[in-house]
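final.cif follows; it contains mmCIF, C-alpha atoms.
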```cif
data_data
loop_
_atom_site.label_atom_id
_atom_site.label_comp_id
_atom_site.auth_asym_id
_atom_site.auth_seq_id
_atom_site.Cartn_x
_atom_site.Cartn_y
_atom_site.Cartn_z
CA MET A 1 -42.32 41.29 43.41
CA ASP A 2 -43.65 41.51 46.95
CA ILE A 3 -46.72 39.89 48.48
CA THR A 4 -48.90 42.98 48.02
CA LYS A 5 -48.29 42.89 44.27
CA PHE A 6 -48.75 39.12 44.13
CA VAL A 7 -52.11 39.30 45.90
CA GLU A 8 -53.16 42.18 43.64
CA LEU A 9 -52.42 40.08 40.52
CA SER A 10 -54.42 37.21 42.02
CA LEU A 11 -57.61 39.13 42.71
CA GLY A 12 -60.65 38.18 40.66
CA ARG A 13 -62.57 35.15 39.49
CA TRP A 14 -60.67 32.21 38.07
CA ARG A 15 -61.79 29.09 36.25
CA SER A 16 -59.51 26.30 37.42
CA GLN A 17 -58.59 22.97 35.83
CA ARG A 18 -56.79 20.80 38.35
CA SER A 19 -55.14 17.42 37.84
CA ALA A 20 -54.00 15.46 40.87
CA HIS A 21 -51.48 12.67 40.45
CA HIS A 22 -51.69 10.09 43.23
CA LEU A 23 -48.20 8.82 42.71
CA ALA A 24 -48.18 5.38 44.35
CA PHE A 25 -50.99 4.11 42.15
CA ALA A 26 -50.43 6.31 39.06
CA HIS A 27 -54.01 7.45 39.57
CA PHE A 28 -55.37 10.67 38.01
CA GLU A 29 -58.05 12.89 39.50
CA GLN A 30 -59.59 15.80 37.62
CA VAL A 31 -61.32 18.79 39.14
CA ILE A 32 -63.00 21.78 37.50
CA SER A 33 -63.68 24.66 39.86
CA THR A 34 -64.36 28.35 40.16
CA ILE A 35 -62.13 30.34 42.50
CA ASP A 36 -62.87 33.83 43.77
CA ILE A 37 -60.11 35.90 45.36
CA VAL A 38 -61.29 39.11 47.00
CA ALA A 39 -59.25 41.75 48.82
CA LEU A 40 -60.18 42.37 52.46
CA ASP A 41 -59.98 45.65 54.26
CA PRO A 42 -56.99 45.76 56.67
CA ASN A 43 -59.56 46.27 59.42
CA ASP A 44 -61.67 43.27 58.40
CA PRO A 45 -62.82 41.57 61.63
CA ASP A 46 -62.03 38.04 60.34
CA ALA A 47 -58.49 39.08 59.36
CA ILE A 48 -57.90 40.74 62.73
CA ALA A 49 -59.31 37.73 64.59
CA LEU A 50 -56.99 35.40 62.64
CA CYS A 51 -53.94 37.50 63.64
CA LYS A 52 -55.02 37.56 67.27
CA SER A 53 -55.63 33.81 67.42
CA ASN A 54 -52.00 33.42 66.26
CA ASN A 55 -50.72 36.03 68.75
CA ILE A 56 -49.62 38.26 65.87
CA ASP A 57 -50.02 42.05 65.86
CA PRO A 58 -52.64 42.86 63.16
CA ALA A 59 -50.63 45.98 62.32
CA THR A 60 -47.93 43.74 60.75
CA ALA A 61 -50.40 42.20 58.27
CA VAL A 62 -50.50 43.26 54.61
CA ALA A 63 -52.99 42.58 51.78
CA PRO A 64 -55.40 40.21 53.56
CA PHE A 65 -57.78 38.40 51.23
CA ARG A 66 -60.56 35.86 51.08
CA MET A 67 -60.50 32.88 48.76
CA SER A 68 -63.64 30.90 47.94
CA TRP A 69 -63.96 27.89 45.68
CA GLU A 70 -66.62 25.66 44.29
CA GLY A 71 -65.62 22.60 42.36
CA GLU A 72 -66.50 19.22 41.03
CA SER A 73 -64.21 16.22 41.13
CA ASP A 74 -64.46 13.24 38.84
CA TRP A 75 -64.02 11.06 41.91
CA ASP A 76 -67.53 11.76 43.10
CA GLU A 77 -69.66 13.74 40.71
CA ASN A 78 -72.40 14.14 43.30
CA GLU A 79 -70.13 15.82 45.77
CA ALA A 80 -69.61 19.47 45.02
CA SER A 81 -66.62 20.67 47.00
CA GLN A 82 -66.85 24.22 48.18
CA GLY A 83 -65.33 26.38 50.84
CA THR A 84 -63.97 29.73 51.80
CA THR A 85 -60.89 30.79 53.72
CA VAL A 86 -59.35 34.01 54.97
CA LEU A 87 -55.62 34.44 54.30
CA VAL A 88 -53.39 37.02 55.97
CA PRO A 89 -49.75 37.57 54.87
CA ILE A 90 -47.28 38.70 57.55
CA PRO A 91 -44.04 39.73 55.76
CA ASP A 92 -40.79 39.31 57.66
CA ALA A 93 -39.64 42.63 59.10
CA ASP A 94 -36.17 42.25 57.60
CA ASN A 95 -37.10 40.74 54.22
CA PRO A 96 -40.33 41.70 52.43
CA ALA A 97 -39.94 38.83 49.92
CA GLN A 98 -40.76 36.25 52.58
CA GLY A 99 -42.96 35.77 55.61
CA LYS A 100 -45.83 33.86 57.17
CA LEU A 101 -49.22 33.20 55.63
CA LEU A 102 -52.03 32.70 58.14
CA ARG A 103 -55.10 30.77 57.03
CA ASP A 104 -58.25 30.08 58.93
CA ARG A 105 -58.53 26.75 57.18
CA GLY A 106 -56.19 24.94 54.83
CA TYR A 107 -56.51 23.15 51.53
CA ALA A 108 -55.39 19.78 52.72
CA GLU A 109 -57.06 19.82 56.10
CA THR A 110 -59.98 21.78 57.47
CA ILE A 111 -57.95 23.28 60.29
CA PRO A 112 -56.17 26.63 60.60
CA SER A 113 -52.59 26.73 59.37
CA ILE A 114 -49.50 28.91 59.28
CA GLY A 115 -47.38 28.60 56.16
CA GLN A 116 -43.97 30.04 55.29
CA TYR A 117 -43.85 31.82 51.94
CA CYS A 118 -41.17 33.33 49.79
CA ILE A 119 -41.31 35.06 46.42
CA SER A 120 -38.42 34.53 44.04
CA GLU A 121 -36.91 37.19 41.80
CA ASN A 122 -38.78 35.79 38.80
CA GLY A 123 -42.10 36.10 40.64
CA THR A 124 -42.74 32.52 41.75
CA PHE A 125 -44.59 32.34 45.06
CA THR A 126 -43.60 29.29 47.14
CA LEU A 127 -45.53 28.25 50.24
CA SER A 128 -44.67 25.49 52.68
CA THR A 129 -47.20 24.46 55.32
CA GLU A 130 -46.74 21.79 57.96
CA TYR A 131 -49.79 19.92 59.19
CA ASP A 132 -49.95 17.20 61.82
CA ARG A 133 -49.58 14.37 59.38
CA ALA A 134 -48.40 15.99 56.16
CA THR A 135 -46.46 18.86 54.65
CA ALA A 136 -47.86 20.83 51.72
CA GLU A 137 -45.56 22.62 49.28
CA GLU A 138 -47.05 24.91 46.74
CA LYS A 139 -45.63 26.98 43.88
CA ILE A 140 -47.78 29.60 42.17
CA TRP A 141 -46.75 31.74 39.22
CA PHE A 142 -48.28 33.74 36.39
CA ALA A 143 -47.71 32.56 32.82
CA THR A 144 -49.62 35.65 31.67
CA PRO A 145 -51.61 38.17 33.73
CA ASN A 146 -54.69 36.04 33.00
CA LEU A 147 -53.20 32.56 33.51
CA ARG A 148 -52.10 31.51 36.99
CA LEU A 149 -50.36 28.16 37.41
CA ARG A 150 -50.09 26.20 40.62
CA VAL A 151 -48.15 23.04 41.52
CA SER A 152 -48.91 21.49 44.91
CA LEU A 153 -47.11 18.62 46.57
CA ILE A 154 -48.41 16.73 49.59
CA LYS A 155 -45.58 15.04 51.47
CA THR A 156 -45.63 12.71 54.43
CA SER A 157 -44.94 14.55 57.66
CA ALA A 158 -41.46 13.05 57.73
CA GLY A 159 -40.96 14.99 54.51
CA SER A 160 -39.39 12.05 52.75
CA GLY A 161 -42.02 11.03 50.27
CA VAL A 162 -44.34 12.92 47.95
CA VAL A 163 -47.79 11.32 48.06
CA THR A 164 -49.69 13.57 45.67
CA ALA A 165 -48.55 16.06 43.04
CA SER A 166 -51.19 18.29 41.55
CA PHE A 167 -51.30 20.99 38.91
CA SER A 168 -53.84 23.75 38.41
CA SER A 169 -54.30 25.98 35.37
CA GLU A 170 -56.33 28.97 36.46
CA ILE A 171 -57.76 31.24 33.77
CA ARG A 172 -59.13 34.64 34.67
CA SER A 173 -62.85 34.97 34.00
CA LEU A 174 -62.79 38.23 32.10
CA SER A 175 -66.56 38.39 32.00
CA GLY A 176 -66.58 38.71 35.76
CA GLN A 177 -69.43 36.22 35.87
CA MET B 1 -26.44 23.88 39.36
CA ASP B 2 -25.11 23.66 35.81
CA ILE B 3 -26.38 21.64 32.85
CA THR B 4 -23.92 18.79 33.42
CA LYS B 5 -25.29 18.25 36.92
CA PHE B 6 -28.88 18.63 35.75
CA VAL B 7 -28.43 16.00 33.04
CA GLU B 8 -26.69 13.72 35.52
CA LEU B 9 -29.67 13.93 37.91
CA SER B 10 -32.01 13.18 35.02
CA LEU B 11 -30.32 9.98 33.83
CA GLY B 12 -32.27 6.76 34.28
CA ARG B 13 -35.71 5.32 33.70
CA TRP B 14 -38.75 7.32 34.75
CA ARG B 15 -42.41 6.41 35.01
CA SER B 16 -44.33 9.50 33.96
CA GLN B 17 -47.88 10.63 34.69
CA ARG B 18 -48.80 13.53 32.47
CA SER B 19 -51.93 15.67 32.47
CA ALA B 20 -52.54 18.07 29.63
CA HIS B 21 -55.02 20.90 30.07
CA HIS B 22 -56.44 22.12 26.75
CA LEU B 23 -57.42 25.49 28.08
CA ALA B 24 -60.01 26.78 25.62
CA PHE B 25 -62.28 23.78 26.17
CA ALA B 26 -61.30 22.88 29.76
CA HIS B 27 -60.44 19.46 28.37
CA PHE B 28 -58.17 17.02 30.22
CA GLU B 29 -55.86 14.49 28.61
CA GLN B 30 -54.01 11.82 30.59
CA VAL B 31 -50.87 10.01 29.53
CA ILE B 32 -48.86 7.31 31.27
CA SER B 33 -45.43 6.72 29.83
CA THR B 34 -41.97 5.38 30.41
CA ILE B 35 -39.05 7.69 29.74
CA ASP B 36 -35.42 6.60 29.43
CA ILE B 37 -32.64 9.18 29.62
CA VAL B 38 -29.21 7.87 28.72
CA ALA B 39 -25.87 9.72 28.62
CA LEU B 40 -24.11 9.80 25.27
CA ASP B 41 -20.40 9.81 24.72
CA PRO B 42 -19.11 13.27 23.69
CA ASN B 43 -17.92 11.61 20.50
CA ASP B 44 -21.28 10.03 19.75
CA PRO B 45 -21.84 10.31 15.97
CA ASP B 46 -25.48 11.44 16.34
CA ALA B 47 -24.49 14.19 18.79
CA ILE B 48 -21.70 15.39 16.51
CA ALA B 49 -23.96 15.31 13.47
CA LEU B 50 -26.57 17.39 15.32
CA CYS B 51 -23.95 20.04 16.16
CA LYS B 52 -22.69 20.12 12.57
CA SER B 53 -26.17 20.43 11.10
CA ASN B 54 -26.57 23.53 13.31
CA ASN B 55 -23.12 24.90 12.36
CA ILE B 56 -21.96 24.55 15.96
CA ASP B 57 -18.51 23.33 16.97
CA PRO B 58 -19.01 19.90 18.65
CA ALA B 59 -16.19 20.81 21.06
CA THR B 60 -18.52 23.33 22.74
CA ALA B 61 -21.13 20.65 23.59
CA VAL B 62 -21.46 19.21 27.10
CA ALA B 63 -23.37 16.22 28.50
CA PRO B 64 -25.20 15.06 25.36
CA PHE B 65 -27.97 12.56 26.03
CA ARG B 66 -30.68 10.49 24.40
CA MET B 67 -34.28 10.53 25.58
CA SER B 68 -36.72 7.81 24.57
CA TRP B 69 -40.37 7.49 25.56
CA GLU B 70 -43.22 5.10 25.15
CA GLY B 71 -46.64 6.16 26.30
CA GLU B 72 -50.35 5.70 26.13
CA SER B 73 -52.85 8.52 25.97
CA ASP B 74 -56.48 8.27 27.03
CA TRP B 75 -57.35 10.11 23.83
CA ASP B 76 -56.66 7.08 21.69
CA GLU B 77 -55.94 3.91 23.60
CA ASN B 78 -54.92 2.11 20.46
CA GLU B 79 -52.21 4.58 19.61
CA ALA B 80 -49.04 3.97 21.55
CA SER B 81 -46.89 7.04 21.24
CA GLN B 82 -43.17 6.41 21.20
CA GLY B 83 -40.07 8.14 20.04
CA THR B 84 -36.46 8.90 20.68
CA THR B 85 -34.46 12.11 20.41
CA VAL B 86 -30.86 13.20 20.83
CA LEU B 87 -30.30 16.36 22.89
CA VAL B 88 -27.08 18.36 22.99
CA PRO B 89 -26.57 21.27 25.43
CA ILE B 90 -24.29 24.11 24.28
CA PRO B 91 -23.62 26.35 27.33
CA ASP B 92 -22.98 30.03 26.70
CA ALA B 93 -19.26 30.77 26.85
CA ASP B 94 -19.77 33.63 29.31
CA ASN B 95 -22.50 32.09 31.50
CA PRO B 96 -22.59 28.34 32.22
CA ALA B 97 -26.12 28.60 33.71
CA GLN B 98 -27.65 29.20 30.29
CA GLY B 99 -27.25 28.21 26.68
CA LYS B 100 -28.75 26.42 23.70
CA LEU B 101 -30.30 22.97 23.64
CA LEU B 102 -30.15 21.22 20.27
CA ARG B 103 -32.67 18.48 19.56
CA ASP B 104 -32.96 16.27 16.55
CA ARG B 105 -36.72 16.24 16.95
CA GLY B 106 -39.01 18.16 19.28
CA TYR B 107 -41.92 17.37 21.54
CA ALA B 108 -44.47 19.53 19.85
CA GLU B 109 -43.38 18.90 16.30
CA THR B 110 -41.36 16.14 14.73
CA ILE B 111 -38.73 18.49 13.39
CA PRO B 112 -35.33 19.49 14.76
CA SER B 113 -35.30 22.40 17.18
CA ILE B 114 -32.99 24.75 19.02
CA GLY B 115 -34.17 25.86 22.45
CA GLN B 116 -32.77 28.44 24.86
CA TYR B 117 -32.32 27.15 28.40
CA CYS B 118 -31.40 28.65 31.72
CA ILE B 119 -31.01 27.12 35.16
CA SER B 120 -32.06 29.20 38.14
CA GLU B 121 -30.24 29.34 41.47
CA ASN B 122 -32.82 27.02 43.02
CA GLY B 123 -32.22 24.43 40.30
CA THR B 124 -35.21 24.98 38.01
CA PHE B 125 -34.39 24.30 34.38
CA THR B 126 -36.35 26.50 31.97
CA LEU B 127 -36.42 25.88 28.22
CA SER B 128 -38.00 28.03 25.55
CA THR B 129 -38.29 26.71 22.00
CA GLU B 130 -39.77 28.51 19.01
CA TYR B 131 -41.38 26.47 16.30
CA ASP B 132 -42.98 27.71 13.08
CA ARG B 133 -46.45 27.94 14.53
CA ALA B 134 -45.96 27.73 18.28
CA THR B 135 -43.63 28.44 21.17
CA ALA B 136 -43.02 25.82 23.84
CA GLU B 137 -41.97 26.82 27.37
CA GLU B 138 -40.93 24.15 29.77
CA LYS B 139 -39.89 24.16 33.43
CA ILE B 140 -38.30 21.07 34.96
CA TRP B 141 -37.27 20.67 38.58
CA PHE B 142 -36.59 17.95 41.13
CA ALA B 143 -38.91 17.67 44.13
CA THR B 144 -36.66 14.86 45.39
CA PRO B 145 -33.79 13.07 43.61
CA ASN B 146 -36.38 10.47 42.51
CA LEU B 147 -39.25 12.79 41.56
CA ARG B 148 -38.85 15.08 38.57
CA LEU B 149 -41.63 17.57 37.81
CA ARG B 150 -42.26 19.23 34.48
CA VAL B 151 -44.65 21.99 33.43
CA SER B 152 -44.96 22.66 29.68
CA LEU B 153 -46.83 25.47 28.00
CA ILE B 154 -47.65 25.59 24.31
CA LYS B 155 -48.23 29.16 23.17
CA THR B 156 -49.33 30.51 19.84
CA SER B 157 -46.39 31.72 17.80
CA ALA B 158 -47.37 35.31 18.51
CA GLY B 159 -46.68 34.38 22.13
CA SER B 160 -49.88 35.96 23.34
CA GLY B 161 -52.01 33.01 24.32
CA VAL B 162 -51.32 29.72 26.09
CA VAL B 163 -53.13 26.91 24.26
CA THR B 164 -52.11 23.93 26.36
CA ALA B 165 -50.62 23.64 29.85
CA SER B 166 -49.38 20.24 30.88
CA PHE B 167 -47.84 18.75 33.98
CA SER B 168 -45.72 15.63 34.36
CA SER B 169 -44.80 13.79 37.54
CA GLU B 170 -41.84 11.55 36.76
CA ILE B 171 -40.88 8.91 39.30
CA ARG B 172 -37.54 7.16 39.04
CA SER B 173 -37.89 3.43 38.39
CA LEU B 174 -35.54 2.19 41.09
CA SER B 175 -35.80 -1.37 39.84
CA GLY B 176 -34.13 -0.29 36.63
CA GLN B 177 -36.64 -2.37 34.72
#
```

Spell out the structure here as structure tokens.
Amino acid sequence: MDITKFVELSLGRWRSQRSAHHLAFAHFEQVISTIDIVALDPNDPDAIALCKSNNIDPATAVAPFRMSWEGESDWDENEASQGTTVLVPIPDADNPAQGKLLRDRGYAETIPSIGQYCISENGTFTLSTEYDRATAEEKIWFATPNLRLRVSLIKTSAGSGVVTASFSSEIRSLSGQ
Amino acid sequence: MDITKFVELSLGRWRSQRSAHHLAFAHFEQVISTIDIVALDPNDPDAIALCKSNNIDPATAVAPFRMSWEGESDWDENEASQGTTVLVPIPDADNPAQGKLLRDRGYAETIPSIGQYCISENGTFTLSTEYDRATAEEKIWFATPNLRLRVSLIKTSAGSGVVTASFSSEIRSLSGQ
């Protein structure tokens, strides 16, 4: 599987159940959210601007997309978390199963990021992103075409310890609502 | 990695945080438990009996072990769940990265089971077990030597739908307590 196929499988509206495990305190956090993943045109101005801000030739980008989410955490029921981000894959020239993923804002921090991805033979997408103070490692795979699973680890920037491990079950909203 | 190495890495006491996602109702369940994984002698009577009850030559078994757990679910705080099970790997003669896993009782049901396992190049252990009314699929991998992660899916026996997806973060108890 290459990134174009992976993005294609991911397009649509998803209802997500996420559990975060804050490991030091054995604390659980639960989040229900709606995620929309929409394909962007290769000439989308936001996608091109993201390439240029990273000094990357927009012609090397494939399957750019926009992800938006709106969720509710049990940590603060009054705070609805929502956001939107543009993501642009840049496959390596010599190996289409891996490459860079540009993002105009990240999950863990609200700043732009560049992650390194690879896709294994069995179709698991792995993404590693280094931030100033933390490293995020994410695995995404499809249990069925309508069930996407995601495990995310937040590590200290030294990479030694995992601070948070979280798991999302994302079910496709077949109604399209 | 082969099964002997995987079992070796798994030995010890683990503090587990588990989140179960009951997908149809977007319901969350949380469990905290302690898991002990102990190596058994190849001549352990329980391991040999388990092979014989499955008509398998005990000489083909490697790295038998016992797993015990004691946990508390937020579904019923008064019900402490505990149990113990003997597990015996039987690697395929022609491919040591895969084989059968015999169990004298399963997770999903309290009956003996035979699962099919394989270990990928990156060290992910995958186990598929068919029960009368359900199929369980489990992935286990190490984020660090002291953090074991586990994703389990319970599917209907037809294999079409995933009923429950759960995620465990298992931290090694370095104190040995």

LSQ fit chain B -> chain A, C-alpha in sequence order, output as a tab-separated table (two decimals) with C-alpha atoms, keeping the file's coordinate frame:
```
chain	number	residue	atom	x	y	z
B	1	MET	CA	-42.32	41.29	43.39
B	2	ASP	CA	-43.66	41.51	46.94
B	3	ILE	CA	-46.73	39.89	48.49
B	4	THR	CA	-48.90	42.98	48.01
B	5	LYS	CA	-48.29	42.89	44.27
B	6	PHE	CA	-48.75	39.12	44.12
B	7	VAL	CA	-52.11	39.31	45.89
B	8	GLU	CA	-53.15	42.18	43.64
B	9	LEU	CA	-52.41	40.09	40.52
B	10	SER	CA	-54.40	37.22	42.01
B	11	LEU	CA	-57.61	39.15	42.70
B	12	GLY	CA	-60.64	38.19	40.64
B	13	ARG	CA	-62.56	35.15	39.48
B	14	TRP	CA	-60.65	32.20	38.07
B	15	ARG	CA	-61.80	29.09	36.25
B	16	SER	CA	-59.52	26.30	37.42
B	17	GLN	CA	-58.59	22.98	35.84
B	18	ARG	CA	-56.79	20.81	38.34
B	19	SER	CA	-55.15	17.43	37.86
B	20	ALA	CA	-54.01	15.47	40.87
B	21	HIS	CA	-51.49	12.67	40.44
B	22	HIS	CA	-51.71	10.08	43.23
B	23	LEU	CA	-48.21	8.82	42.72
B	24	ALA	CA	-48.17	5.39	44.35
B	25	PHE	CA	-51.00	4.12	42.14
B	26	ALA	CA	-50.44	6.31	39.05
B	27	HIS	CA	-54.02	7.46	39.56
B	28	PHE	CA	-55.37	10.66	38.01
B	29	GLU	CA	-58.05	12.89	39.50
B	30	GLN	CA	-59.62	15.80	37.61
B	31	VAL	CA	-61.34	18.79	39.13
B	32	ILE	CA	-63.00	21.78	37.51
B	33	SER	CA	-63.69	24.66	39.83
B	34	THR	CA	-64.36	28.35	40.16
B	35	ILE	CA	-62.14	30.33	42.50
B	36	ASP	CA	-62.87	33.85	43.75
B	37	ILE	CA	-60.11	35.91	45.35
B	38	VAL	CA	-61.28	39.11	46.98
B	39	ALA	CA	-59.24	41.76	48.83
B	40	LEU	CA	-60.18	42.37	52.44
B	41	ASP	CA	-59.97	45.64	54.27
B	42	PRO	CA	-56.99	45.75	56.68
B	43	ASN	CA	-59.55	46.27	59.43
B	44	ASP	CA	-61.65	43.28	58.41
B	45	PRO	CA	-62.80	41.56	61.63
B	46	ASP	CA	-62.01	38.05	60.34
B	47	ALA	CA	-58.48	39.09	59.35
B	48	ILE	CA	-57.88	40.72	62.73
B	49	ALA	CA	-59.29	37.73	64.58
B	50	LEU	CA	-56.98	35.40	62.63
B	51	CYS	CA	-53.94	37.49	63.63
B	52	LYS	CA	-55.02	37.56	67.28
B	53	SER	CA	-55.63	33.82	67.42
B	54	ASN	CA	-52.01	33.42	66.25
B	55	ASN	CA	-50.71	36.03	68.74
B	56	ILE	CA	-49.62	38.26	65.87
B	57	ASP	CA	-50.02	42.04	65.85
B	58	PRO	CA	-52.65	42.85	63.16
B	59	ALA	CA	-50.63	45.98	62.32
B	60	THR	CA	-47.95	43.76	60.75
B	61	ALA	CA	-50.41	42.20	58.26
B	62	VAL	CA	-50.52	43.27	54.61
B	63	ALA	CA	-52.99	42.59	51.78
B	64	PRO	CA	-55.39	40.21	53.55
B	65	PHE	CA	-57.77	38.40	51.22
B	66	ARG	CA	-60.56	35.86	51.06
B	67	MET	CA	-60.49	32.87	48.74
B	68	SER	CA	-63.63	30.91	47.94
B	69	TRP	CA	-63.97	27.90	45.66
B	70	GLU	CA	-66.64	25.67	44.28
B	71	GLY	CA	-65.61	22.61	42.35
B	72	GLU	CA	-66.50	19.22	41.03
B	73	SER	CA	-64.21	16.22	41.12
B	74	ASP	CA	-64.45	13.23	38.81
B	75	TRP	CA	-63.99	11.05	41.87
B	76	ASP	CA	-67.49	11.73	43.10
B	77	GLU	CA	-69.67	13.68	40.72
B	78	ASN	CA	-72.35	14.08	43.32
B	79	GLU	CA	-70.08	15.79	45.79
B	80	ALA	CA	-69.60	19.44	45.03
B	81	SER	CA	-66.64	20.66	47.00
B	82	GLN	CA	-66.84	24.23	48.18
B	83	GLY	CA	-65.31	26.37	50.84
B	84	THR	CA	-63.99	29.74	51.80
B	85	THR	CA	-60.90	30.80	53.72
B	86	VAL	CA	-59.35	34.02	54.97
B	87	LEU	CA	-55.62	34.45	54.30
B	88	VAL	CA	-53.38	37.01	55.96
B	89	PRO	CA	-49.76	37.57	54.87
B	90	ILE	CA	-47.29	38.70	57.55
B	91	PRO	CA	-44.05	39.74	55.77
B	92	ASP	CA	-40.79	39.32	57.66
B	93	ALA	CA	-39.65	42.65	59.09
B	94	ASP	CA	-36.17	42.27	57.59
B	95	ASN	CA	-37.11	40.74	54.21
B	96	PRO	CA	-40.33	41.72	52.42
B	97	ALA	CA	-39.94	38.83	49.91
B	98	GLN	CA	-40.77	36.25	52.57
B	99	GLY	CA	-42.95	35.76	55.60
B	100	LYS	CA	-45.84	33.87	57.16
B	101	LEU	CA	-49.22	33.19	55.62
B	102	LEU	CA	-52.04	32.71	58.12
B	103	ARG	CA	-55.10	30.77	57.02
B	104	ASP	CA	-58.27	30.10	58.92
B	105	ARG	CA	-58.55	26.74	57.20
B	106	GLY	CA	-56.18	24.88	54.90
B	107	TYR	CA	-56.42	23.04	51.62
B	108	ALA	CA	-55.30	19.69	52.85
B	109	GLU	CA	-57.04	19.77	56.19
B	110	THR	CA	-59.94	21.79	57.47
B	111	ILE	CA	-57.96	23.30	60.30
B	112	PRO	CA	-56.18	26.64	60.61
B	113	SER	CA	-52.61	26.74	59.36
B	114	ILE	CA	-49.52	28.91	59.27
B	115	GLY	CA	-47.39	28.60	56.15
B	116	GLN	CA	-43.98	30.04	55.30
B	117	TYR	CA	-43.86	31.81	51.94
B	118	CYS	CA	-41.17	33.33	49.79
B	119	ILE	CA	-41.32	35.07	46.43
B	120	SER	CA	-38.43	34.52	44.05
B	121	GLU	CA	-36.91	37.18	41.80
B	122	ASN	CA	-38.78	35.77	38.81
B	123	GLY	CA	-42.10	36.09	40.65
B	124	THR	CA	-42.73	32.51	41.76
B	125	PHE	CA	-44.57	32.33	45.06
B	126	THR	CA	-43.61	29.30	47.15
B	127	LEU	CA	-45.54	28.24	50.25
B	128	SER	CA	-44.67	25.49	52.69
B	129	THR	CA	-47.20	24.45	55.32
B	130	GLU	CA	-46.77	21.78	57.97
B	131	TYR	CA	-49.80	19.93	59.18
B	132	ASP	CA	-49.98	17.20	61.82
B	133	ARG	CA	-49.62	14.37	59.36
B	134	ALA	CA	-48.42	16.00	56.16
B	135	THR	CA	-46.47	18.87	54.66
B	136	ALA	CA	-47.88	20.82	51.73
B	137	GLU	CA	-45.57	22.63	49.29
B	138	GLU	CA	-47.07	24.92	46.74
B	139	LYS	CA	-45.64	26.98	43.88
B	140	ILE	CA	-47.78	29.60	42.17
B	141	TRP	CA	-46.74	31.74	39.22
B	142	PHE	CA	-48.27	33.74	36.40
B	143	ALA	CA	-47.71	32.56	32.83
B	144	THR	CA	-49.62	35.65	31.68
B	145	PRO	CA	-51.61	38.18	33.75
B	146	ASN	CA	-54.69	36.03	33.01
B	147	LEU	CA	-53.19	32.56	33.51
B	148	ARG	CA	-52.10	31.52	36.99
B	149	LEU	CA	-50.36	28.16	37.41
B	150	ARG	CA	-50.09	26.20	40.62
B	151	VAL	CA	-48.16	23.05	41.52
B	152	SER	CA	-48.92	21.49	44.93
B	153	LEU	CA	-47.12	18.62	46.58
B	154	ILE	CA	-48.42	16.72	49.58
B	155	LYS	CA	-45.58	15.04	51.46
B	156	THR	CA	-45.64	12.72	54.41
B	157	SER	CA	-44.94	14.56	57.63
B	158	ALA	CA	-41.46	13.06	57.73
B	159	GLY	CA	-40.95	15.00	54.50
B	160	SER	CA	-39.39	12.04	52.76
B	161	GLY	CA	-42.00	11.02	50.24
B	162	VAL	CA	-44.35	12.93	47.94
B	163	VAL	CA	-47.80	11.33	48.06
B	164	THR	CA	-49.70	13.57	45.67
B	165	ALA	CA	-48.56	16.07	43.04
B	166	SER	CA	-51.21	18.29	41.55
B	167	PHE	CA	-51.31	20.98	38.92
B	168	SER	CA	-53.84	23.76	38.40
B	169	SER	CA	-54.30	25.98	35.37
B	170	GLU	CA	-56.34	28.99	36.45
B	171	ILE	CA	-57.77	31.24	33.76
B	172	ARG	CA	-59.13	34.65	34.66
B	173	SER	CA	-62.86	34.96	33.99
B	174	LEU	CA	-62.79	38.23	32.07
B	175	SER	CA	-66.57	38.41	32.02
B	176	GLY	CA	-66.54	38.75	35.78
B	177	GLN	CA	-69.42	36.32	35.94
```

- prompt: How many Å lie between atom CA of Asn55 of chain B and atom CA of Ile140 of chain B, rounded to one decimal?
  reply: 27.5 Å

query: Of the candidates B:Ala20, B:Ile56, B:Leu101, B:Asp132, which one gets nearest to Arg150 of chain B if we count all atoms listed in the file?
result: B:Ala20

message: Using only C-alpha atoms and a cut-off of 7 Å, which residues of chain B sit close to chain A? Please list them as a VMD selection string.
response: chain B and resid 17 19 26 167

Go ahead and save the picked residues with C-alpha atoms, as a PDB file, keeping the file's coordinate frame.
```pdb
ATOM      1  CA  GLN B  17     -47.880  10.630  34.690  1.00  0.00           C
ATOM      2  CA  SER B  19     -51.930  15.670  32.470  1.00  0.00           C
ATOM      3  CA  ALA B  26     -61.300  22.880  29.760  1.00  0.00           C
ATOM      4  CA  PHE B 167     -47.840  18.750  33.980  1.00  0.00           C
TER       5      PHE B 167
END
```

task: Using only C-alpha atoms, determine which residues lie at most 8 Å from Gly115 of chain A, disregarding the query and same-chain residues fewer than 4 positions distant; provide the list as a PyMOL selection string.
output: chain A and resi 100-102+127-130

Grab the residues selected above and save them as a short mmCIF file (atom, residue, chain, number, x, y, z; two decimals), keeping the file's coordinate frame with C-alpha atoms.
```cif
data_model
loop_
_atom_site.label_atom_id
_atom_site.label_comp_id
_atom_site.auth_asym_id
_atom_site.auth_seq_id
_atom_site.Cartn_x
_atom_site.Cartn_y
_atom_site.Cartn_z
CA LYS A 100 -45.83 33.86 57.17
CA LEU A 101 -49.22 33.20 55.63
CA LEU A 102 -52.03 32.70 58.14
CA LEU A 127 -45.53 28.25 50.24
CA SER A 128 -44.67 25.49 52.68
CA THR A 129 -47.20 24.46 55.32
CA GLU A 130 -46.74 21.79 57.96
#
```

Using the file's own x, y and z axes, what box holds all listed atoms of segment 16-24 of chain B with 8 Å on each side, keeping edges along x, y and z, and what are its centre and edge lengths in Å to one decimal, as AutoDock Vina command-line options?
```
--center_x -52.2 --center_y 18.1 --center_z 30.2 --size_x 31.7 --size_y 33.3 --size_z 25.1
```

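Relative to atom CA of Ala63 of chain B, atom CA of Ile48 of chain B is found at 12.1 Å.
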